[in-house]
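target-v1.txt (compact mmCIF, N, CA and C atoms) appears below.
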```txt
# COMPACT_ATOMS: atom_id res chain seq x y z
N VAL A 1 -6.56 -55.32 -12.37
CA VAL A 1 -7.04 -54.83 -13.64
C VAL A 1 -6.18 -53.64 -14.05
N GLN A 2 -5.77 -53.62 -15.28
CA GLN A 2 -4.99 -52.49 -15.81
C GLN A 2 -5.77 -51.84 -16.94
N LEU A 3 -5.70 -50.53 -16.99
CA LEU A 3 -6.31 -49.76 -18.06
C LEU A 3 -5.21 -49.05 -18.83
N GLN A 4 -5.18 -49.25 -20.13
CA GLN A 4 -4.17 -48.64 -20.98
C GLN A 4 -4.86 -47.66 -21.92
N ALA A 5 -4.57 -46.38 -21.71
CA ALA A 5 -5.18 -45.33 -22.51
C ALA A 5 -4.23 -44.87 -23.61
N SER A 6 -4.81 -44.43 -24.71
CA SER A 6 -4.01 -43.90 -25.82
C SER A 6 -4.84 -42.92 -26.62
N GLY A 7 -4.17 -42.13 -27.45
CA GLY A 7 -4.88 -41.30 -28.39
C GLY A 7 -4.84 -39.81 -28.14
N GLY A 8 -4.21 -39.37 -27.06
CA GLY A 8 -4.14 -37.94 -26.83
C GLY A 8 -3.18 -37.27 -27.79
N GLY A 9 -3.09 -35.95 -27.67
CA GLY A 9 -2.17 -35.22 -28.53
C GLY A 9 -2.50 -33.75 -28.58
N LEU A 10 -1.89 -33.09 -29.56
CA LEU A 10 -2.07 -31.66 -29.77
C LEU A 10 -2.90 -31.45 -31.03
N VAL A 11 -3.93 -30.64 -30.92
CA VAL A 11 -4.80 -30.38 -32.06
C VAL A 11 -5.25 -28.93 -32.01
N GLN A 12 -5.55 -28.37 -33.17
CA GLN A 12 -6.07 -27.01 -33.22
C GLN A 12 -7.55 -27.00 -32.86
N ALA A 13 -8.00 -25.86 -32.40
CA ALA A 13 -9.42 -25.69 -32.09
C ALA A 13 -10.25 -26.07 -33.32
N GLY A 14 -11.34 -26.80 -33.06
CA GLY A 14 -12.18 -27.27 -34.15
C GLY A 14 -11.81 -28.65 -34.65
N GLY A 15 -10.67 -29.14 -34.23
CA GLY A 15 -10.20 -30.44 -34.67
C GLY A 15 -10.80 -31.57 -33.86
N SER A 16 -10.32 -32.78 -34.15
CA SER A 16 -10.85 -33.99 -33.51
C SER A 16 -9.72 -34.86 -32.98
N LEU A 17 -10.04 -35.59 -31.94
CA LEU A 17 -9.16 -36.62 -31.41
C LEU A 17 -10.01 -37.80 -30.96
N ARG A 18 -9.39 -38.96 -30.94
CA ARG A 18 -10.08 -40.18 -30.51
C ARG A 18 -9.25 -40.84 -29.42
N LEU A 19 -9.85 -40.97 -28.26
CA LEU A 19 -9.17 -41.62 -27.14
C LEU A 19 -9.68 -43.05 -27.01
N SER A 20 -8.76 -43.95 -26.70
CA SER A 20 -9.12 -45.34 -26.53
C SER A 20 -8.55 -45.84 -25.21
N CYS A 21 -9.25 -46.75 -24.57
CA CYS A 21 -8.78 -47.31 -23.30
C CYS A 21 -9.17 -48.78 -23.26
N ALA A 22 -8.17 -49.63 -23.08
CA ALA A 22 -8.41 -51.06 -23.05
C ALA A 22 -8.12 -51.61 -21.66
N ALA A 23 -9.03 -52.43 -21.17
CA ALA A 23 -8.87 -53.04 -19.86
C ALA A 23 -8.35 -54.46 -20.01
N SER A 24 -7.46 -54.84 -19.11
CA SER A 24 -6.94 -56.20 -19.08
C SER A 24 -6.76 -56.62 -17.63
N ALA A 25 -6.65 -57.92 -17.42
CA ALA A 25 -6.61 -58.42 -16.04
C ALA A 25 -5.43 -59.34 -15.79
N GLY A 26 -4.35 -59.11 -16.50
CA GLY A 26 -3.16 -59.92 -16.24
C GLY A 26 -3.43 -61.39 -16.47
N SER A 27 -3.23 -62.20 -15.44
CA SER A 27 -3.44 -63.64 -15.56
C SER A 27 -4.91 -64.02 -15.47
N GLY A 28 -5.78 -63.06 -15.15
CA GLY A 28 -7.20 -63.33 -15.07
C GLY A 28 -7.91 -63.03 -16.39
N THR A 29 -9.21 -63.32 -16.42
CA THR A 29 -10.03 -63.06 -17.60
C THR A 29 -11.19 -62.18 -17.20
N ILE A 30 -11.32 -61.05 -17.87
CA ILE A 30 -12.44 -60.15 -17.58
C ILE A 30 -13.72 -60.76 -18.13
N VAL A 31 -14.70 -60.87 -17.25
CA VAL A 31 -16.00 -61.39 -17.66
C VAL A 31 -16.91 -60.25 -18.08
N SER A 32 -16.90 -59.19 -17.28
CA SER A 32 -17.82 -58.08 -17.53
C SER A 32 -17.32 -56.84 -16.82
N ILE A 33 -17.64 -55.70 -17.38
CA ILE A 33 -17.32 -54.42 -16.76
C ILE A 33 -18.61 -53.62 -16.67
N ASN A 34 -18.89 -53.07 -15.51
CA ASN A 34 -20.12 -52.29 -15.35
C ASN A 34 -19.96 -50.98 -16.13
N ALA A 35 -19.71 -49.89 -15.49
CA ALA A 35 -19.58 -48.62 -16.18
C ALA A 35 -18.12 -48.35 -16.55
N MET A 36 -17.95 -47.73 -17.71
CA MET A 36 -16.64 -47.27 -18.15
C MET A 36 -16.78 -45.78 -18.47
N GLY A 37 -15.74 -45.04 -18.17
CA GLY A 37 -15.88 -43.60 -18.40
C GLY A 37 -14.56 -42.90 -18.60
N TRP A 38 -14.68 -41.64 -18.95
CA TRP A 38 -13.54 -40.74 -19.11
C TRP A 38 -13.71 -39.54 -18.20
N TYR A 39 -12.65 -39.22 -17.50
CA TYR A 39 -12.56 -38.04 -16.66
C TYR A 39 -11.44 -37.16 -17.21
N ARG A 40 -11.44 -35.91 -16.80
CA ARG A 40 -10.33 -35.04 -17.18
C ARG A 40 -9.99 -34.10 -16.03
N GLN A 41 -8.74 -33.70 -16.06
CA GLN A 41 -8.27 -32.77 -15.04
C GLN A 41 -7.37 -31.73 -15.69
N ALA A 42 -7.82 -30.50 -15.65
CA ALA A 42 -7.04 -29.39 -16.17
C ALA A 42 -6.18 -28.81 -15.05
N PRO A 43 -5.09 -28.13 -15.38
CA PRO A 43 -4.23 -27.55 -14.33
C PRO A 43 -5.01 -26.66 -13.38
N GLY A 44 -4.83 -26.90 -12.10
CA GLY A 44 -5.48 -26.08 -11.09
C GLY A 44 -6.95 -26.37 -10.87
N LYS A 45 -7.47 -27.40 -11.53
CA LYS A 45 -8.89 -27.73 -11.40
C LYS A 45 -9.07 -29.16 -10.89
N GLN A 46 -10.24 -29.42 -10.39
CA GLN A 46 -10.55 -30.76 -9.93
C GLN A 46 -10.85 -31.68 -11.11
N ARG A 47 -10.63 -32.96 -10.87
CA ARG A 47 -10.96 -33.94 -11.89
C ARG A 47 -12.47 -33.98 -12.05
N GLU A 48 -12.93 -34.03 -13.30
CA GLU A 48 -14.37 -34.05 -13.56
C GLU A 48 -14.72 -35.16 -14.52
N LEU A 49 -15.93 -35.66 -14.37
CA LEU A 49 -16.43 -36.67 -15.30
C LEU A 49 -16.75 -36.02 -16.64
N VAL A 50 -16.24 -36.59 -17.71
CA VAL A 50 -16.53 -36.10 -19.06
C VAL A 50 -17.70 -36.89 -19.65
N ALA A 51 -17.59 -38.20 -19.61
CA ALA A 51 -18.62 -39.06 -20.18
C ALA A 51 -18.48 -40.45 -19.61
N SER A 52 -19.61 -41.14 -19.56
CA SER A 52 -19.58 -42.53 -19.10
C SER A 52 -20.59 -43.35 -19.87
N VAL A 53 -20.37 -44.66 -19.89
CA VAL A 53 -21.29 -45.57 -20.57
C VAL A 53 -21.42 -46.83 -19.72
N THR A 54 -22.66 -47.24 -19.48
CA THR A 54 -22.91 -48.42 -18.67
C THR A 54 -22.87 -49.67 -19.53
N LEU A 55 -22.99 -50.80 -18.87
CA LEU A 55 -22.93 -52.08 -19.57
C LEU A 55 -24.04 -52.20 -20.61
N ASP A 56 -25.19 -51.61 -20.33
CA ASP A 56 -26.30 -51.70 -21.28
C ASP A 56 -26.28 -50.60 -22.31
N GLY A 57 -25.24 -49.76 -22.29
CA GLY A 57 -25.08 -48.74 -23.32
C GLY A 57 -25.63 -47.37 -22.98
N THR A 58 -26.11 -47.18 -21.78
CA THR A 58 -26.61 -45.86 -21.39
C THR A 58 -25.44 -44.90 -21.20
N THR A 59 -25.53 -43.75 -21.84
CA THR A 59 -24.44 -42.78 -21.81
C THR A 59 -24.81 -41.54 -21.00
N THR A 60 -23.78 -40.94 -20.44
CA THR A 60 -23.91 -39.69 -19.70
C THR A 60 -22.78 -38.77 -20.11
N TYR A 61 -23.08 -37.49 -20.29
CA TYR A 61 -22.08 -36.50 -20.69
C TYR A 61 -22.18 -35.28 -19.79
N THR A 62 -21.04 -34.68 -19.51
CA THR A 62 -21.09 -33.39 -18.87
C THR A 62 -21.59 -32.37 -19.89
N ASP A 63 -22.25 -31.34 -19.42
CA ASP A 63 -22.94 -30.41 -20.33
C ASP A 63 -22.00 -29.79 -21.36
N SER A 64 -20.79 -29.50 -20.98
CA SER A 64 -19.89 -28.76 -21.86
C SER A 64 -19.44 -29.56 -23.08
N VAL A 65 -19.65 -30.87 -23.09
CA VAL A 65 -19.21 -31.68 -24.22
C VAL A 65 -20.36 -32.28 -25.00
N LYS A 66 -21.57 -32.07 -24.54
CA LYS A 66 -22.73 -32.64 -25.23
C LYS A 66 -22.80 -32.13 -26.67
N GLY A 67 -23.03 -33.05 -27.58
CA GLY A 67 -23.09 -32.70 -28.99
C GLY A 67 -21.74 -32.67 -29.68
N ARG A 68 -20.66 -32.74 -28.91
CA ARG A 68 -19.32 -32.72 -29.51
C ARG A 68 -18.56 -34.04 -29.27
N PHE A 69 -18.78 -34.64 -28.12
CA PHE A 69 -18.07 -35.87 -27.76
C PHE A 69 -19.04 -37.05 -27.82
N THR A 70 -18.51 -38.20 -28.18
CA THR A 70 -19.31 -39.43 -28.18
C THR A 70 -18.51 -40.53 -27.51
N ILE A 71 -19.13 -41.17 -26.52
CA ILE A 71 -18.49 -42.29 -25.85
C ILE A 71 -19.12 -43.58 -26.33
N SER A 72 -18.30 -44.59 -26.49
CA SER A 72 -18.80 -45.90 -26.90
C SER A 72 -17.91 -46.98 -26.28
N ARG A 73 -18.38 -48.20 -26.34
CA ARG A 73 -17.59 -49.28 -25.77
C ARG A 73 -17.73 -50.54 -26.62
N ASP A 74 -16.70 -51.34 -26.58
CA ASP A 74 -16.70 -52.65 -27.23
C ASP A 74 -16.52 -53.67 -26.12
N ASN A 75 -17.60 -54.32 -25.74
CA ASN A 75 -17.55 -55.24 -24.60
C ASN A 75 -16.69 -56.46 -24.90
N GLY A 76 -16.65 -56.85 -26.15
CA GLY A 76 -15.82 -58.01 -26.50
C GLY A 76 -14.34 -57.74 -26.34
N LYS A 77 -13.96 -56.48 -26.50
CA LYS A 77 -12.55 -56.10 -26.38
C LYS A 77 -12.27 -55.35 -25.08
N ASN A 78 -13.29 -55.20 -24.23
CA ASN A 78 -13.13 -54.47 -22.95
C ASN A 78 -12.51 -53.10 -23.19
N THR A 79 -13.04 -52.40 -24.15
CA THR A 79 -12.48 -51.11 -24.57
C THR A 79 -13.55 -50.03 -24.54
N VAL A 80 -13.13 -48.84 -24.14
CA VAL A 80 -14.01 -47.68 -24.20
C VAL A 80 -13.34 -46.62 -25.07
N ILE A 81 -14.15 -46.00 -25.91
CA ILE A 81 -13.66 -45.00 -26.88
C ILE A 81 -14.32 -43.66 -26.58
N LEU A 82 -13.55 -42.59 -26.68
CA LEU A 82 -14.11 -41.25 -26.61
C LEU A 82 -13.74 -40.52 -27.89
N GLN A 83 -14.73 -40.28 -28.73
CA GLN A 83 -14.53 -39.50 -29.95
C GLN A 83 -14.81 -38.04 -29.62
N MET A 84 -13.82 -37.20 -29.83
CA MET A 84 -13.94 -35.79 -29.47
C MET A 84 -13.85 -34.95 -30.73
N ASN A 85 -14.94 -34.26 -31.05
CA ASN A 85 -15.00 -33.39 -32.22
C ASN A 85 -15.18 -31.95 -31.79
N SER A 86 -14.94 -31.05 -32.71
CA SER A 86 -15.11 -29.62 -32.44
C SER A 86 -14.42 -29.22 -31.14
N LEU A 87 -13.20 -29.63 -31.01
CA LEU A 87 -12.48 -29.39 -29.76
C LEU A 87 -12.24 -27.91 -29.54
N LYS A 88 -12.25 -27.54 -28.26
CA LYS A 88 -12.05 -26.16 -27.84
C LYS A 88 -10.84 -26.08 -26.92
N PRO A 89 -10.22 -24.92 -26.81
CA PRO A 89 -9.08 -24.80 -25.90
C PRO A 89 -9.43 -25.21 -24.46
N GLU A 90 -10.65 -24.98 -24.06
CA GLU A 90 -11.05 -25.35 -22.69
C GLU A 90 -11.17 -26.86 -22.49
N ASP A 91 -11.04 -27.63 -23.54
CA ASP A 91 -10.99 -29.09 -23.41
C ASP A 91 -9.60 -29.58 -23.04
N THR A 92 -8.65 -28.69 -23.05
CA THR A 92 -7.27 -29.07 -22.72
C THR A 92 -7.20 -29.60 -21.29
N ALA A 93 -6.66 -30.80 -21.14
CA ALA A 93 -6.59 -31.46 -19.84
C ALA A 93 -5.88 -32.80 -20.01
N VAL A 94 -5.60 -33.42 -18.88
CA VAL A 94 -5.20 -34.82 -18.89
C VAL A 94 -6.48 -35.64 -18.76
N TYR A 95 -6.65 -36.58 -19.65
CA TYR A 95 -7.86 -37.40 -19.68
C TYR A 95 -7.53 -38.79 -19.10
N TYR A 96 -8.41 -39.23 -18.22
CA TYR A 96 -8.22 -40.53 -17.55
C TYR A 96 -9.42 -41.43 -17.82
N CYS A 97 -9.17 -42.68 -18.14
CA CYS A 97 -10.28 -43.62 -18.23
C CYS A 97 -10.47 -44.31 -16.89
N ASN A 98 -11.66 -44.79 -16.69
CA ASN A 98 -12.04 -45.36 -15.39
C ASN A 98 -13.05 -46.48 -15.59
N THR A 99 -12.95 -47.48 -14.74
CA THR A 99 -14.01 -48.47 -14.67
C THR A 99 -14.46 -48.57 -13.22
N ASP A 100 -15.73 -48.89 -13.00
CA ASP A 100 -16.12 -49.14 -11.61
C ASP A 100 -16.05 -50.63 -11.33
N ARG A 101 -17.11 -51.35 -11.38
CA ARG A 101 -17.07 -52.77 -11.05
C ARG A 101 -16.62 -53.61 -12.24
N VAL A 102 -15.66 -54.47 -11.99
CA VAL A 102 -15.15 -55.39 -13.00
C VAL A 102 -15.20 -56.80 -12.43
N TRP A 103 -15.78 -57.72 -13.19
CA TRP A 103 -15.82 -59.12 -12.76
C TRP A 103 -14.72 -59.88 -13.51
N VAL A 104 -13.87 -60.54 -12.73
CA VAL A 104 -12.68 -61.18 -13.30
C VAL A 104 -12.61 -62.63 -12.83
N ILE A 105 -12.37 -63.53 -13.77
CA ILE A 105 -12.12 -64.93 -13.41
C ILE A 105 -10.65 -65.06 -13.03
N ARG A 106 -10.43 -65.46 -11.79
CA ARG A 106 -9.06 -65.70 -11.31
C ARG A 106 -9.04 -67.11 -10.72
N GLY A 107 -8.39 -67.99 -11.41
CA GLY A 107 -8.39 -69.38 -10.98
C GLY A 107 -9.78 -69.97 -11.08
N ALA A 108 -10.27 -70.45 -9.95
CA ALA A 108 -11.58 -71.09 -9.92
C ALA A 108 -12.69 -70.16 -9.45
N THR A 109 -12.38 -68.90 -9.27
CA THR A 109 -13.38 -67.98 -8.72
C THR A 109 -13.59 -66.78 -9.63
N VAL A 110 -14.76 -66.18 -9.47
CA VAL A 110 -15.06 -64.90 -10.13
C VAL A 110 -14.99 -63.82 -9.07
N GLU A 111 -14.12 -62.89 -9.27
CA GLU A 111 -13.93 -61.81 -8.29
C GLU A 111 -14.50 -60.52 -8.82
N GLU A 112 -15.08 -59.77 -7.91
CA GLU A 112 -15.63 -58.45 -8.25
C GLU A 112 -14.62 -57.41 -7.76
N GLU A 113 -14.09 -56.65 -8.69
CA GLU A 113 -13.03 -55.69 -8.38
C GLU A 113 -13.51 -54.29 -8.74
N TYR A 114 -12.97 -53.28 -8.03
CA TYR A 114 -13.56 -51.94 -8.09
C TYR A 114 -12.59 -50.86 -8.49
N ASP A 115 -13.09 -49.87 -9.24
CA ASP A 115 -12.51 -48.54 -9.37
C ASP A 115 -11.06 -48.53 -9.84
N TYR A 116 -10.90 -48.71 -11.11
CA TYR A 116 -9.56 -48.65 -11.70
C TYR A 116 -9.41 -47.44 -12.60
N TRP A 117 -8.18 -46.93 -12.68
CA TRP A 117 -7.88 -45.74 -13.47
C TRP A 117 -6.74 -46.03 -14.44
N GLY A 118 -6.86 -45.44 -15.63
CA GLY A 118 -5.76 -45.48 -16.58
C GLY A 118 -4.70 -44.47 -16.20
N GLN A 119 -3.62 -44.45 -16.96
CA GLN A 119 -2.47 -43.62 -16.62
C GLN A 119 -2.63 -42.17 -17.03
N GLY A 120 -3.65 -41.83 -17.78
CA GLY A 120 -3.83 -40.44 -18.20
C GLY A 120 -3.17 -40.18 -19.53
N THR A 121 -3.86 -39.44 -20.36
CA THR A 121 -3.31 -39.04 -21.65
C THR A 121 -3.60 -37.55 -21.87
N GLN A 122 -2.59 -36.82 -22.29
CA GLN A 122 -2.71 -35.37 -22.43
C GLN A 122 -3.43 -35.00 -23.72
N VAL A 123 -4.41 -34.13 -23.59
CA VAL A 123 -5.08 -33.53 -24.74
C VAL A 123 -4.85 -32.02 -24.66
N THR A 124 -4.27 -31.47 -25.71
CA THR A 124 -4.01 -30.04 -25.76
C THR A 124 -4.65 -29.47 -27.01
N VAL A 125 -5.49 -28.48 -26.82
CA VAL A 125 -6.18 -27.83 -27.93
C VAL A 125 -5.70 -26.39 -28.02
N SER A 126 -5.09 -26.06 -29.15
CA SER A 126 -4.56 -24.72 -29.33
C SER A 126 -5.60 -23.83 -30.02
N SER A 127 -5.56 -22.56 -29.69
CA SER A 127 -6.54 -21.63 -30.27
C SER A 127 -6.05 -21.04 -31.56
```
Would you give me this structure, written as structure tokens?
Amino acid sequence: VQLQASGGGLVQAGGSLRLSCAASAGSGTIVSINAMGWYRQAPGKQRELVASVTLDGTTTYTDSVKGRFTISRDNGKNTVILQMNSLKPEDTAVYYCNTDRVWVIRGATVEEEYDYWGQGTQVTVSS
């Protein structure tokens, strides 16, 4: 399974960015993805969960982004979106998308595959 993230960039404080991450399975076909999420890692800090959304649409946010960020997913396109509004300099980080369990049709079987990460996209918020 490959995750392709896009949408990072440089924005002034108070601005908005939209991150997108699409999952694909090469020669296989994705049947379903359990949870999809976004993590971030700032220089000198540990990677932290920003937001996640389960297959049934239940969302979770870290406290610092509640009310500013919105996570959503399109199951038909195997895509997760993070809409980031009212950005602050402390949101500056590399953002990574993640999936946990992914069910993929490969040949005649359905395989359950785990824990994939996108390549990371830089978000920089200037003050």
Shell of 7 Å around Arg106 of chain A, only N, CA and C atoms, local chain residues under 6 positions omitted, as a list in words: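 Selected residues are Ser27, Gly28 and Thr29 of chain A.
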Just-selected residues, N, CA and C atoms written as a compact mmCIF listing (two decimals), keeping the file's coordinate frame:
```txt
# COMPACT_ATOMS: atom_id res chain seq x y z
N SER A 27 -3.23 -62.20 -15.44
CA SER A 27 -3.44 -63.64 -15.56
C SER A 27 -4.91 -64.02 -15.47
N GLY A 28 -5.78 -63.06 -15.15
CA GLY A 28 -7.20 -63.33 -15.07
C GLY A 28 -7.91 -63.03 -16.39
N THR A 29 -9.21 -63.32 -16.42
CA THR A 29 -10.03 -63.06 -17.60
C THR A 29 -11.19 -62.18 -17.20
```
Please provide as a PyMOL selection string all residues within 8 Å of Arg73 of chain A, with the sequence filter that same-chain residues fewer than 4 positions apart are discarded (counting only N, CA and C atoms). chain A and resi 36+53+57+77-82
From the list A:Asn85, A:Gln122, A:Thr58, A:Thr99, the nearest residue to Leu10 of chain A using all atoms listed in the file is A:Gln122
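The closest residue to Asp74 of chain A, picked from A:Ala5, A:Ala108, A:Ala22, A:Ala51 and counting only C-alpha atoms, is A:Ala22.
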Have a look at atom N of Ala25 of chain A and atom N of Val102 of chain A and let me know their distance in Å, one decimal.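 Atom N of Val102 of chain A lies at a distance of 11.1 Å from atom N of Ala25 of chain A.
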By how many Å are atom C of Gln12 of chain A and atom CA of Thr92 of chain A apart?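 Between atom C of Gln12 of chain A and atom CA of Thr92 of chain A the gap is 10.4 Å.
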